[in-house]
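Next comes start_2.txt, with compact mmCIF, C-alpha atoms.
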# COMPACT_ATOMS: atom_id res chain seq x y z
CA MET A 9 -19.75 0.23 -64.53
CA MET A 10 -17.84 2.26 -61.97
CA ARG A 11 -17.84 5.27 -64.27
CA ASP A 12 -21.61 5.08 -64.71
CA LEU A 13 -22.08 4.85 -60.98
CA HIS A 14 -19.75 7.77 -60.42
CA ALA A 15 -21.50 9.92 -63.00
CA LEU A 16 -24.85 9.08 -61.46
CA LEU A 17 -23.92 9.88 -57.88
CA THR A 18 -21.53 12.81 -58.30
CA PRO A 19 -24.10 15.65 -58.44
CA ARG A 20 -25.88 14.57 -55.30
CA HIS A 21 -22.91 13.78 -53.07
CA ALA A 22 -20.17 16.15 -54.36
CA LEU A 23 -17.82 13.27 -55.15
CA GLY A 24 -14.23 13.88 -56.15
CA PRO A 25 -12.66 12.37 -59.27
CA LEU A 26 -12.78 8.61 -59.63
CA GLU A 27 -9.45 6.76 -59.35
CA ILE A 28 -9.74 3.47 -61.15
CA ARG A 29 -7.23 0.83 -60.06
CA ARG A 30 -8.70 -2.22 -61.74
CA GLU A 31 -11.82 -2.97 -63.68
CA ASN A 32 -13.68 -3.71 -60.48
CA LEU A 33 -11.76 -1.57 -57.96
CA ALA A 34 -11.94 2.19 -57.70
CA PHE A 35 -11.53 4.94 -55.11
CA VAL A 36 -13.41 8.16 -54.63
CA THR A 37 -13.03 11.03 -52.16
CA LEU A 38 -15.87 13.06 -50.76
CA PRO A 39 -16.51 15.61 -47.96
CA ALA A 40 -17.00 14.09 -44.53
CA SER A 41 -20.48 15.57 -44.12
CA ASN A 42 -21.74 13.72 -47.22
CA LEU A 43 -20.39 10.34 -46.22
CA ARG A 44 -23.39 9.01 -44.40
CA GLY A 45 -25.86 9.77 -47.19
CA PHE A 46 -23.48 8.36 -49.77
CA LEU A 47 -22.92 5.10 -47.91
CA THR A 48 -26.63 4.71 -47.28
CA GLU A 49 -27.40 5.17 -50.95
CA LEU A 50 -24.62 2.76 -51.96
CA ARG A 51 -25.98 0.19 -49.58
CA ASP A 52 -29.69 0.55 -50.19
CA THR A 53 -29.97 1.28 -53.89
CA GLN A 54 -26.65 0.34 -55.51
CA GLY A 55 -26.12 -3.06 -53.89
CA PHE A 56 -22.90 -2.24 -52.03
CA SER A 57 -24.12 -4.11 -49.02
CA HIS A 58 -20.81 -5.25 -47.55
CA LEU A 59 -18.40 -3.09 -45.57
CA VAL A 60 -15.09 -4.85 -46.24
CA LEU A 61 -13.00 -2.70 -43.95
CA LEU A 62 -12.60 0.70 -42.43
CA THR A 63 -9.08 1.93 -42.00
CA ALA A 64 -7.11 5.12 -41.65
CA VAL A 65 -3.98 6.71 -43.09
CA ASP A 66 -2.04 9.38 -41.23
CA TRP A 67 -1.02 12.22 -43.57
CA LEU A 68 1.21 13.93 -41.05
CA GLU A 69 2.64 16.57 -43.39
CA GLU A 70 -0.80 17.63 -44.61
CA GLY A 71 -2.21 17.55 -41.09
CA GLN A 72 -4.97 15.18 -42.09
CA PHE A 73 -6.30 11.70 -41.42
CA GLN A 74 -7.70 9.76 -44.32
CA LEU A 75 -10.46 7.28 -43.56
CA THR A 76 -11.09 4.61 -46.17
CA TYR A 77 -14.38 2.74 -46.22
CA MET A 78 -14.10 -0.23 -48.57
CA MET A 79 -17.53 -1.06 -49.95
CA ASN A 80 -18.22 -4.25 -51.84
CA ASN A 81 -21.03 -5.20 -54.21
CA ARG A 82 -21.02 -8.96 -54.14
CA ALA A 83 -23.55 -9.52 -56.89
CA ARG A 84 -21.58 -7.48 -59.45
CA ASP A 85 -18.10 -8.06 -57.94
CA LEU A 86 -17.33 -4.38 -57.51
CA THR A 87 -15.28 -2.75 -54.77
CA LEU A 88 -15.41 0.96 -54.13
CA GLY A 89 -13.09 2.66 -51.68
CA VAL A 90 -14.71 5.72 -50.18
CA ARG A 91 -12.18 8.17 -48.79
CA VAL A 92 -12.80 10.95 -46.32
CA MET A 93 -10.21 13.46 -45.18
CA LEU A 94 -10.35 14.59 -41.55
CA ASP A 95 -8.59 17.37 -39.71
CA ARG A 96 -5.77 15.83 -37.72
CA THR A 97 -6.14 18.03 -34.65
CA THR A 98 -9.84 17.39 -34.03
CA ALA A 99 -9.73 13.80 -35.46
CA GLN A 100 -13.44 13.23 -35.17
CA MET A 101 -15.87 11.49 -37.49
CA ASP A 102 -19.51 10.42 -37.48
CA SER A 103 -20.06 6.83 -36.43
CA ILE A 104 -21.67 4.45 -38.93
CA HIS A 105 -22.23 1.60 -36.47
CA ASP A 106 -25.98 1.75 -37.11
CA LEU A 107 -25.46 1.09 -40.82
CA TRP A 108 -23.04 -1.81 -40.31
CA PRO A 109 -22.65 -3.19 -36.77
CA THR A 110 -19.14 -4.38 -37.66
CA ALA A 111 -18.08 -0.76 -38.08
CA ALA A 112 -18.16 -0.38 -34.30
CA THR A 113 -15.19 -2.75 -34.02
CA TYR A 114 -13.20 -0.88 -36.66
CA GLN A 115 -14.00 2.35 -34.92
CA ARG A 116 -12.77 1.02 -31.61
CA GLU A 117 -9.54 0.01 -33.29
CA LEU A 118 -9.11 3.43 -34.92
CA LYS A 119 -9.80 5.13 -31.61
CA GLU A 120 -7.07 3.12 -29.95
CA MET A 121 -4.46 3.07 -32.70
CA PHE A 122 -4.97 6.51 -34.25
CA GLY A 123 -6.92 8.41 -31.62
CA ILE A 124 -9.76 9.17 -34.03
CA THR A 125 -13.02 9.48 -32.10
CA PHE A 126 -16.42 8.39 -33.32
CA PRO A 127 -18.94 9.82 -30.83
CA GLY A 128 -21.80 7.45 -30.06
CA SER A 129 -20.07 4.30 -31.23
CA PRO A 130 -20.63 1.45 -28.76
CA ARG A 131 -17.79 0.44 -26.41
CA LEU A 132 -15.58 3.02 -28.05
CA ASP A 133 -13.46 3.78 -25.01
CA GLU A 134 -12.79 0.18 -24.05
CA GLU A 135 -9.37 -1.25 -24.73
CA PHE A 136 -9.24 -3.08 -28.02
CA ILE A 137 -5.80 -4.65 -28.53
CA LEU A 138 -3.46 -2.75 -26.28
CA GLU A 139 -3.81 -3.08 -22.55
CA GLY A 140 -2.80 -0.30 -20.25
CA TRP A 141 -1.48 1.91 -23.05
CA THR A 142 -0.55 5.28 -21.61
CA ASP A 143 0.99 7.14 -24.52
CA LEU A 144 0.30 8.60 -27.93
CA PRO A 145 -1.77 6.24 -30.12
CA PRO A 146 0.94 4.07 -31.66
CA TYR A 147 -0.13 4.20 -35.31
CA ARG A 148 0.15 7.96 -35.47
CA ARG A 149 3.21 8.80 -37.48
CA ASP A 150 4.56 11.23 -34.92
CA PHE A 151 4.79 8.33 -32.45
CA ASP A 152 8.44 7.25 -32.40
CA SER A 153 8.23 3.49 -32.03
CA LEU A 154 11.98 2.91 -31.75
CA ALA A 155 12.49 5.58 -29.09
CA TYR A 156 9.52 4.28 -27.14
CA SER A 157 10.73 0.70 -27.21
CA GLN A 158 14.25 1.73 -26.21
CA GLN A 159 12.90 3.65 -23.25
CA THR A 160 10.34 1.12 -22.14
CA TYR A 161 11.84 -2.33 -22.71
CA ALA A 162 15.22 -3.39 -21.44
CA GLU A 163 17.68 -4.42 -24.14
CA ARG A 164 20.30 -7.11 -24.17
CA PRO A 165 23.65 -5.60 -25.08
CA GLY A 166 25.56 -6.93 -28.05
CA ARG A 167 23.02 -6.61 -30.79
CA VAL A 168 24.75 -5.83 -34.10
CA THR A 169 23.20 -4.64 -37.33
CA HIS A 170 24.95 -5.27 -40.64
CA ASP A 171 24.21 -3.59 -43.91
CA PRO A 172 23.35 -6.70 -45.97
CA ARG A 173 25.10 -5.47 -49.12
CA GLU A 174 28.36 -4.51 -47.43
CA TYR A 175 28.31 -7.58 -45.21
CA MET A 176 27.87 -10.04 -48.07
CA LYS A 177 30.49 -8.20 -50.09
CA SER A 178 33.04 -8.56 -47.29
CA LYS A 179 32.11 -12.24 -46.91
CA LEU A 180 32.18 -13.15 -50.59
CA TYR A 181 35.10 -10.98 -51.67
CA PRO A 182 37.32 -10.58 -48.61
CA GLY A 183 40.12 -8.95 -50.62
CA GLY A 184 37.87 -6.19 -51.89
CA MET B 26 10.75 10.34 -26.09
CA LYS B 27 10.65 13.60 -27.89
CA ASP B 28 7.03 14.00 -28.88
CA ILE B 29 4.86 13.02 -25.98
CA ASP B 30 1.46 14.55 -26.37
CA GLU B 31 -0.04 15.30 -22.98
CA THR B 32 -3.58 15.19 -24.36
CA PHE B 33 -3.28 11.43 -24.80
CA ARG B 34 -1.36 10.64 -21.65
CA LYS B 35 -3.33 8.73 -19.06
CA ILE B 36 -1.68 9.30 -15.71
CA ASP B 37 -4.09 7.70 -13.26
CA ALA B 38 -1.69 5.67 -11.20
CA THR B 39 -4.18 3.24 -9.67
CA VAL B 40 -5.67 0.57 -11.90
CA PRO B 41 -8.79 -1.04 -10.44
CA LEU B 42 -8.70 -4.77 -9.88
CA ARG B 43 -10.43 -6.95 -12.42
CA GLU B 44 -14.09 -7.31 -11.62
CA GLU B 45 -13.94 -10.98 -10.69
CA LEU B 46 -11.21 -10.20 -8.14
CA ARG B 47 -13.17 -7.60 -6.20
CA PRO B 48 -14.86 -8.55 -2.94
CA ARG B 49 -18.53 -9.31 -3.36
CA THR B 50 -21.51 -10.79 -1.52
CA VAL B 51 -23.25 -13.78 -3.01
CA THR B 52 -26.28 -15.78 -1.97
CA THR B 53 -25.69 -19.51 -1.81
CA PRO B 54 -28.33 -21.95 -3.13
CA ASP B 55 -29.59 -22.54 0.43
CA GLY B 56 -30.19 -18.86 1.01
CA GLN B 57 -27.07 -18.02 3.00
CA GLU B 58 -25.33 -14.71 2.36
CA ILE B 59 -21.56 -15.00 2.19
CA THR B 60 -18.87 -12.53 1.30
CA ILE B 61 -16.13 -13.61 -1.05
CA GLU B 62 -12.75 -11.93 -1.09
CA PRO B 63 -11.12 -13.51 -4.13
CA LEU B 64 -7.64 -12.22 -3.33
CA LYS B 65 -7.74 -13.98 0.04
CA ASP B 66 -9.95 -16.93 -0.81
CA TYR B 67 -8.63 -17.97 -4.20
CA PHE B 68 -4.98 -16.90 -4.16
CA CYS B 69 -1.99 -17.55 -1.97
CA GLU B 70 -1.05 -14.34 -0.21
CA ALA B 71 2.47 -15.36 0.77
CA ALA B 72 5.32 -14.83 -1.67
CA PRO B 73 6.92 -17.96 -3.17
CA LYS B 74 9.47 -19.66 -0.98
CA VAL B 75 12.83 -21.14 -1.89
CA HIS B 76 12.74 -24.91 -1.92
CA PRO B 77 15.78 -26.16 -0.01
CA LYS B 78 17.98 -28.86 -1.47
CA ALA B 79 18.08 -32.31 0.00
CA TYR B 80 20.67 -32.74 2.75
CA PHE B 81 22.55 -35.49 0.98
CA GLN B 82 23.85 -34.71 -2.48
CA ILE B 83 23.06 -38.22 -3.66
CA VAL B 84 19.41 -37.73 -2.75
CA GLU B 85 19.34 -34.39 -4.55
CA ASN B 86 20.89 -36.05 -7.58
CA PHE B 87 18.21 -38.69 -7.49
CA TYR B 88 15.55 -35.98 -7.29
CA ASN B 89 17.08 -34.17 -10.24
CA TRP B 90 17.24 -37.36 -12.27
CA ALA B 91 13.56 -37.92 -11.57
CA ARG B 92 12.69 -34.31 -12.39
CA SER B 93 14.56 -34.47 -15.67
CA ASN B 94 12.42 -37.41 -16.73
CA SER B 95 9.11 -35.71 -15.98
CA LEU B 96 8.89 -32.73 -18.30
CA TRP B 97 5.28 -31.77 -18.84
CA ILE B 98 4.92 -28.85 -21.17
CA LEU B 99 2.26 -26.21 -20.89
CA GLY B 100 0.66 -25.99 -24.30
CA PHE B 101 0.59 -22.20 -24.39
CA GLY B 102 1.58 -20.89 -27.80
CA THR B 103 2.73 -17.32 -27.44
CA GLY B 104 4.16 -16.50 -30.86
CA CYS B 105 4.88 -18.03 -34.23
CA GLY B 106 7.10 -20.65 -32.56
CA ALA B 107 4.00 -22.45 -31.35
CA ILE B 108 3.77 -23.75 -34.91
CA GLU B 109 7.10 -25.52 -34.43
CA MET B 110 5.71 -27.42 -31.44
CA ARG B 111 2.87 -28.99 -33.38
CA PRO B 112 5.04 -31.31 -35.52
CA LEU B 113 6.74 -32.51 -32.35
CA MET B 114 3.49 -34.12 -31.29
CA THR B 115 3.22 -36.04 -34.56
CA PRO B 116 4.90 -39.34 -35.51
CA ARG B 117 7.49 -37.57 -37.64
CA PHE B 118 9.33 -36.02 -34.70
CA ASP B 119 7.54 -37.76 -31.84
CA ALA B 120 8.76 -35.81 -28.84
CA TYR B 121 6.95 -38.19 -26.52
CA ARG B 122 9.75 -40.71 -26.90
CA TYR B 123 11.96 -38.23 -25.02
CA GLY B 124 9.55 -38.34 -22.12
CA VAL B 125 8.02 -34.91 -22.63
CA GLN B 126 4.36 -34.29 -23.16
CA TRP B 127 1.96 -31.39 -23.51
CA ARG B 128 -0.71 -30.57 -20.98
CA PRO B 129 -3.64 -28.18 -21.31
CA THR B 130 -3.43 -26.36 -17.97
CA PRO B 131 -0.63 -24.77 -15.97
CA ARG B 132 -1.49 -26.80 -12.90
CA GLN B 133 -0.51 -29.99 -14.69
CA ALA B 134 2.68 -28.72 -16.28
CA ASN B 135 6.19 -27.86 -15.17
CA LEU B 136 7.82 -26.58 -18.36
CA LEU B 137 6.73 -23.31 -19.93
CA ILE B 138 7.96 -22.73 -23.46
CA ILE B 139 7.77 -19.09 -24.49
CA SER B 140 7.60 -19.74 -28.18
CA GLY B 141 8.33 -16.37 -29.71
CA TYR B 142 7.69 -12.71 -29.12
CA LEU B 143 5.71 -11.66 -26.07
CA SER B 144 3.57 -8.59 -26.31
CA VAL B 145 2.89 -6.83 -23.04
CA LYS B 146 -0.61 -8.23 -23.05
CA THR B 147 0.63 -11.80 -23.53
CA LEU B 148 3.38 -11.30 -20.97
CA LYS B 149 0.69 -10.71 -18.38
CA ARG B 150 -0.92 -14.06 -19.23
CA ALA B 151 2.44 -15.80 -19.38
CA ILE B 152 3.30 -14.58 -15.88
CA ARG B 153 -0.04 -15.80 -14.59
CA ALA B 154 0.48 -19.17 -16.23
CA TYR B 155 4.03 -19.45 -14.92
CA GLU B 156 3.04 -18.63 -11.36
CA GLN B 157 0.26 -21.19 -11.43
CA MET B 158 2.59 -24.01 -12.42
CA GLN B 159 3.89 -26.44 -9.86
CA GLY B 160 7.50 -26.21 -8.77
CA PRO B 161 10.11 -27.17 -9.68
CA LYS B 162 9.29 -25.55 -12.98
CA TYR B 163 11.37 -24.59 -15.97
CA VAL B 164 11.17 -21.96 -18.70
CA ILE B 165 12.54 -22.30 -22.22
CA GLY B 166 12.81 -19.19 -24.39
CA LEU B 167 12.35 -20.22 -28.00
CA GLY B 168 13.56 -18.07 -30.86
CA SER B 169 15.48 -14.84 -31.09
CA CYS B 170 12.48 -12.72 -30.05
CA THR B 171 12.83 -13.95 -26.49
CA ILE B 172 16.60 -13.42 -26.50
CA ASN B 173 17.00 -9.86 -27.77
CA GLY B 174 13.75 -8.88 -29.41
CA GLY B 175 14.53 -10.46 -32.77
CA MET B 176 12.68 -8.81 -35.62
CA TYR B 177 10.49 -6.98 -33.10
CA TRP B 178 13.44 -5.02 -31.73
CA ASP B 179 11.73 -1.66 -32.38
CA SER B 180 8.16 -2.66 -31.65
CA TYR B 181 6.16 -0.49 -29.30
CA ASN B 182 4.50 -3.41 -27.58
CA THR B 183 6.84 -6.40 -27.30
CA ILE B 184 9.40 -7.06 -24.61
CA LYS B 185 12.97 -7.64 -25.72
CA ARG B 186 14.57 -9.92 -23.19
CA LEU B 187 12.58 -12.54 -21.42
CA ASP B 188 14.92 -13.22 -18.52
CA ASP B 189 14.09 -9.85 -16.98
CA TYR B 190 10.55 -11.02 -16.38
CA LEU B 191 10.72 -14.79 -15.95
CA PRO B 192 13.62 -17.04 -14.84
CA VAL B 193 14.71 -18.62 -18.12
CA ASP B 194 16.65 -21.86 -17.87
CA LEU B 195 17.46 -22.33 -21.53
CA TYR B 196 17.29 -20.37 -24.74
CA ILE B 197 16.95 -21.94 -28.17
CA ALA B 198 18.24 -19.54 -30.80
CA GLY B 199 16.81 -19.20 -34.28
CA CYS B 200 14.06 -17.47 -36.15
CA MET B 201 12.29 -19.83 -35.94
CA PRO B 202 14.25 -22.88 -34.69
CA ARG B 203 13.34 -26.13 -36.38
CA PRO B 204 11.57 -28.84 -34.35
CA GLU B 205 14.90 -30.69 -34.22
CA ALA B 206 16.37 -27.72 -32.38
CA LEU B 207 13.57 -27.98 -29.85
CA LEU B 208 14.30 -31.67 -29.36
CA HIS B 209 17.94 -30.79 -28.80
CA GLY B 210 16.78 -28.14 -26.34
CA PHE B 211 14.84 -30.74 -24.37
CA ILE B 212 17.93 -32.92 -24.15
CA GLU B 213 20.06 -29.98 -23.04
CA LEU B 214 17.46 -28.99 -20.46
CA LYS B 215 17.53 -32.52 -19.08
CA LYS B 216 21.31 -32.30 -18.76
CA LEU B 217 20.94 -28.98 -16.94
CA ILE B 218 18.36 -30.39 -14.55
CA ARG B 219 20.50 -33.45 -13.83
CA ALA B 220 23.47 -31.20 -13.14
CA GLY B 221 21.33 -29.20 -10.71
CA LYS B 222 21.69 -26.01 -12.75
CA ALA B 223 18.03 -25.49 -13.67
CA GLU B 224 17.08 -23.65 -10.49
CA GLY B 225 14.67 -21.17 -12.07
CA THR B 226 11.94 -21.72 -9.49
CA ASN B 227 14.24 -20.88 -6.62
CA ARG B 228 15.73 -17.96 -8.52
CA TYR B 229 12.24 -16.58 -9.02
CA ALA B 230 11.46 -16.99 -5.32
CA GLU B 231 14.76 -15.41 -4.23
CA ASN B 232 14.47 -12.41 -6.53
CA PHE B 233 10.70 -12.17 -6.39
CA ALA B 234 10.69 -8.45 -5.63
CA SER B 235 12.98 -7.52 -8.51
CA TYR B 236 11.10 -9.74 -10.96
CA LYS B 237 7.85 -8.09 -9.88
CA ALA B 238 9.36 -4.63 -10.28
CA ALA B 239 10.50 -5.46 -13.82
CA GLN B 240 7.12 -6.96 -14.70
CA LYS B 241 5.21 -4.00 -13.35
CA SER B 242 7.46 -1.53 -15.16
CA VAL B 243 6.12 -2.72 -18.52
CA ILE B 244 2.64 -3.94 -17.53
CA LYS B 245 1.09 -0.59 -16.76
CA ASP B 246 -2.35 -1.92 -15.84
CA TRP B 247 -1.48 -4.51 -13.23
CA ASP B 248 -4.94 -5.66 -12.19
CA MET B 249 -4.20 -9.08 -10.72
CA PRO B 250 -2.69 -10.38 -7.48
CA ASP B 251 1.08 -10.04 -7.12
CA TYR B 252 1.47 -13.79 -6.90
CA ASN B 253 -1.03 -15.84 -8.86
CA TRP B 254 -0.60 -19.16 -7.12
Would you kindly transcribe this structure into structure tokens?
Amino acid sequence: MMRDLHALLTPRHALGPLEIRRENLAFVTLPASNLRGFLTELRDTQGFSHLVLLTAVDWLEEGQFQLTYMMNNRARDLTLGVRVMLDRTTAQMDSIHDLWPTAATYQRELKEMFGITFPGSPRLDEEFILEGWTDLPPYRRDFDSLAYSQQTYAERPGRVTHDPREYMKSKLYPGG
Amino acid sequence: MKDIDETFRKIDATVPLREELRPRTVTTPDGQEITIEPLKDYFCEAAPKVHPKAYFQIVENFYNWARSNSLWILGFGTGCGAIEMRPLMTPRFDAYRYGVQWRPTPRQANLLIISGYLSVKTLKRAIRAYEQMQGPKYVIGLGSCTINGGMYWDSYNTIKRLDDYLPVDLYIAGCMPRPEALLHGFIELKKLIRAGKAEGTNRYAENFASYKAAQKSVIKDWDMPDYNW
């Protein structure tokens, strides 16, 4: 089913190769400019009416953000993950809040956690989860969470970390 | 931190007050125009004061005995430990037989249980709730997250030691402690109160400035009154 769909839509939307994970779960990558047309066609003619989630992956080494739009066809129990690669320095993508109103919430979250902007998305610049955040968006991989927490939050001295393997070995076999 | 990116840094030092706290003019139902200044009208402007002990030790001991038998908990679940408080209200553990009970608002409670990790956002609410409670009031830190950060020791958004921000009377260690540990904590807290060692309210009043400085150092968008009483 997924293969038929892929073969049908590839010429029009310049889709990448299909990665099949399960019988009813597959992923496909396409250029960012084609996303809107592809999602609209999936929704209006192919029955993928449900946006399950919109999330991002930070490919720091490649200098790219990957956006994943999970689309679900409830009638046929199919899930298609639509991937788009963005340039990490500009980090900008077209908003799809007019196709699915819920996308606005995901886009707010991505703006706050990854710093990816979606111009025109409602309430985009409002705080979503973090309040008063003044630093790099925390889900970016170049954000050093440990260093930030050590600098920002006071620690209680005396915290010890054991390597579980060595620690249990010394406990169970004290002689070595 | 090594990689601070100036393009994301917001350095506007002044955070505007929340909208409901700004002065405004309203028209009353009978057509009168009045100005409301919420900071003056709704909140106490003076800092908290130290409550002096009774002159006679025997009277103070009587007060402490009475206080130890009136523990009213604020039902404010801040982390996963809130789950451990639910069974205490059921017949299986029945915390009410120890003379403690849960109340829905800070104004009716005098024991705040911080039941797990506090994100910066929740810390702000916890401080508000604590300051609205009636004195003498007590704070229990539940679980290792409140003691040294626990499993959130490297999180970008959770505080690591509670006693910097609120005067903690008692910690209950564990991740998470069982309800029995909480019951034991209540008993220990009662012993502390009877011995006159649970003076968190006065400690907070004495060191109000330093507590506020610590709170404001992590809550970057302080948009409420300094003292929320």
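At a cut-off of 8 Å from (0.3, -0.2, -30.7), the residue set is Met121, Ile137, Leu138, Pro145, Pro146 and Tyr147 of chain A; Tyr181 and Asn182 of chain B (counting all atoms listed in the file).
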Return as a Markdown table the residues of chain A lying at most 7 Å from chain B, together with the closest atom-to-atom pair for each and the distance in Å to one decimal, counting only C-alpha atoms, with rows in chain order and ascending residue number.
| residue | atom | partner | partner_atom | distance |
| --- | --- | --- | --- | --- |
| A:Leu138 | CA | B:Lys146 | CA | 7.0 |
| A:Glu139 | CA | B:Lys146 | CA | 6.1 |
| A:Gly140 | CA | B:Asp246 | CA | 4.7 |
| A:Thr142 | CA | B:Lys35 | CA | 5.1 |
| A:Asp143 | CA | B:Arg34 | CA | 5.1 |
| A:Leu144 | CA | B:Phe33 | CA | 5.5 |
| A:Ser153 | CA | B:Tyr181 | CA | 5.3 |
| A:Leu154 | CA | B:Asp179 | CA | 4.6 |
| A:Ala155 | CA | B:Met26 | CA | 5.9 |
| A:Tyr156 | CA | B:Tyr181 | CA | 6.2 |
| A:Ser157 | CA | B:Tyr181 | CA | 5.2 |
| A:Thr160 | CA | B:Val243 | CA | 6.8 |
| A:Tyr161 | CA | B:Ile184 | CA | 5.7 |
| A:Ala162 | CA | B:Lys185 | CA | 6.4 |
| A:Glu163 | CA | B:Lys185 | CA | 5.9 |
| A:Arg164 | CA | B:Asn173 | CA | 5.6 |
Requested in this report: Might you pull out every residue within 10 Å of Leu64 of chain B, with only C-alpha atoms counted and same-chain residues fewer than 6 positions away left off, and present them as a list of chain:residue names?
Outcome: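 Those residues are B:Leu42, B:Glu45, B:Leu46, B:Arg47, B:Pro48, B:Glu70, B:Met249, B:Pro250, B:Asp251, B:Tyr252, B:Asn253.
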Report task. Write out as a list of chain:residue names which residues come within 6 Å of Trp127 of chain B when counting all atoms listed in the file, dropping same-chain ones fewer than 3 positions away. Result ->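 Selected residues are B:Trp97, B:Ile98, B:Leu99, B:Gly100.
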**Report entry** Using only C-alpha atoms: which of A:Thr169, A:Leu132, A:Thr113, A:Leu43 has the shortest distance to Ala22 of chain A
**Finding:**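 Closest to Ala22 of chain A, using only C-alpha atoms: A:Leu43.
Between atom CA of Met201 of chain B and atom CA of Gly106 of chain B the interatomic distance comes to 6.2 Å.
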Requested in this report: Just the residues within 12 Å of Arg29 of chain A, please, counting only C-alpha atoms, with nothing from its chain fewer than 2 positions along; format it as a list in words.
Outcome: Met10, Leu26, Glu27, Glu31, Asn32, Leu33, Ala34, Phe35, Val36, Leu86, Thr87, Leu88 and Gly89 of chain A
Query - Radius query 12 Å about (17.3, -39.0, -14.6), atoms used: all atoms listed in the file, as an NGL selection string - result: :B and (85-96 or 123-124 or 212 or 214-221)
Skip His21 of chain A itself and residues of its chain fewer than 2 positions away, then list as an mmCIF file with C-alpha atoms, keeping the file's coordinate frame all residues within 8 Å of it, counting only C-alpha atoms.
data_model
loop_
_atom_site.group_PDB
_atom_site.id
_atom_site.type_symbol
_atom_site.label_atom_id
_atom_site.label_comp_id
_atom_site.auth_asym_id
_atom_site.auth_seq_id
_atom_site.Cartn_x
_atom_site.Cartn_y
_atom_site.Cartn_z
ATOM 1 C CA LEU A 17 -23.920 9.880 -57.880
ATOM 2 C CA THR A 18 -21.530 12.810 -58.300
ATOM 3 C CA PRO A 19 -24.100 15.650 -58.440
ATOM 4 C CA LEU A 23 -17.820 13.270 -55.150
ATOM 5 C CA LEU A 38 -15.870 13.060 -50.760
ATOM 6 C CA ASN A 42 -21.740 13.720 -47.220
ATOM 7 C CA GLY A 45 -25.860 9.770 -47.190
ATOM 8 C CA PHE A 46 -23.480 8.360 -49.770
#
Report task. Tell me, as a PyMOL selection string, which residues lie within 12 Å of Gln100 of chain A, counting only C-alpha atoms; anything in the same chain fewer than 5 positions away does not count. Result -> chain A and resi 40-41+72-75+92-95+115+118-119+122-129
Query raised in the report: Between B:Pro161, B:Pro192, B:Pro41, B:Gly166, which is the closest to Lys78 of chain B once you count all atoms listed in the file?
Result: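 Counting all atoms listed in the file, the residue closest to Lys78 of chain B is B:Pro161.
Here the question is which of B:Ile108, B:Ile61, B:Ile165, B:Met114 gets nearest to Arg128 of chain B using all atoms listed in the file, and that residue is B:Met114.
In this model, the gap between atom CA of Tyr163 of chain B and atom CA of Leu136 of chain B comes to 4.7 Å.
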Provide an axis-aligned box for all listed atoms of segment 74-90 of chain B, padding each side by 3 Å; report its centre and its edge lengths in Å to one decimal, as JSON.
{"center_x": 16.7, "center_y": -29.2, "center_z": -4.8, "size_x": 20.4, "size_y": 25.0, "size_z": 21.0}
Requested in this report: Rank B:Phe68, B:Tyr190, B:Phe81, B:Phe118 by their smallest atom-to-atom distance to Gly225 of chain B, using only C-alpha atoms, and report the top residue only.
Outcome: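 Counting only C-alpha atoms, the residue closest to Gly225 of chain B is B:Tyr190.
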Report summary line: With distances taken over only C-alpha atoms, the candidate from A:Thr48, A:Phe56, A:Arg11, A:Thr63 nearest Ile104 of chain A is A:Thr48
Query raised in the report: Suppose you want the space between atom CA of Pro202 of chain B and atom CA of Cys170 of chain B; what is it in Å?
Result: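 Between atom CA of Pro202 of chain B and atom CA of Cys170 of chain B the gap works out to 11.3 Å.
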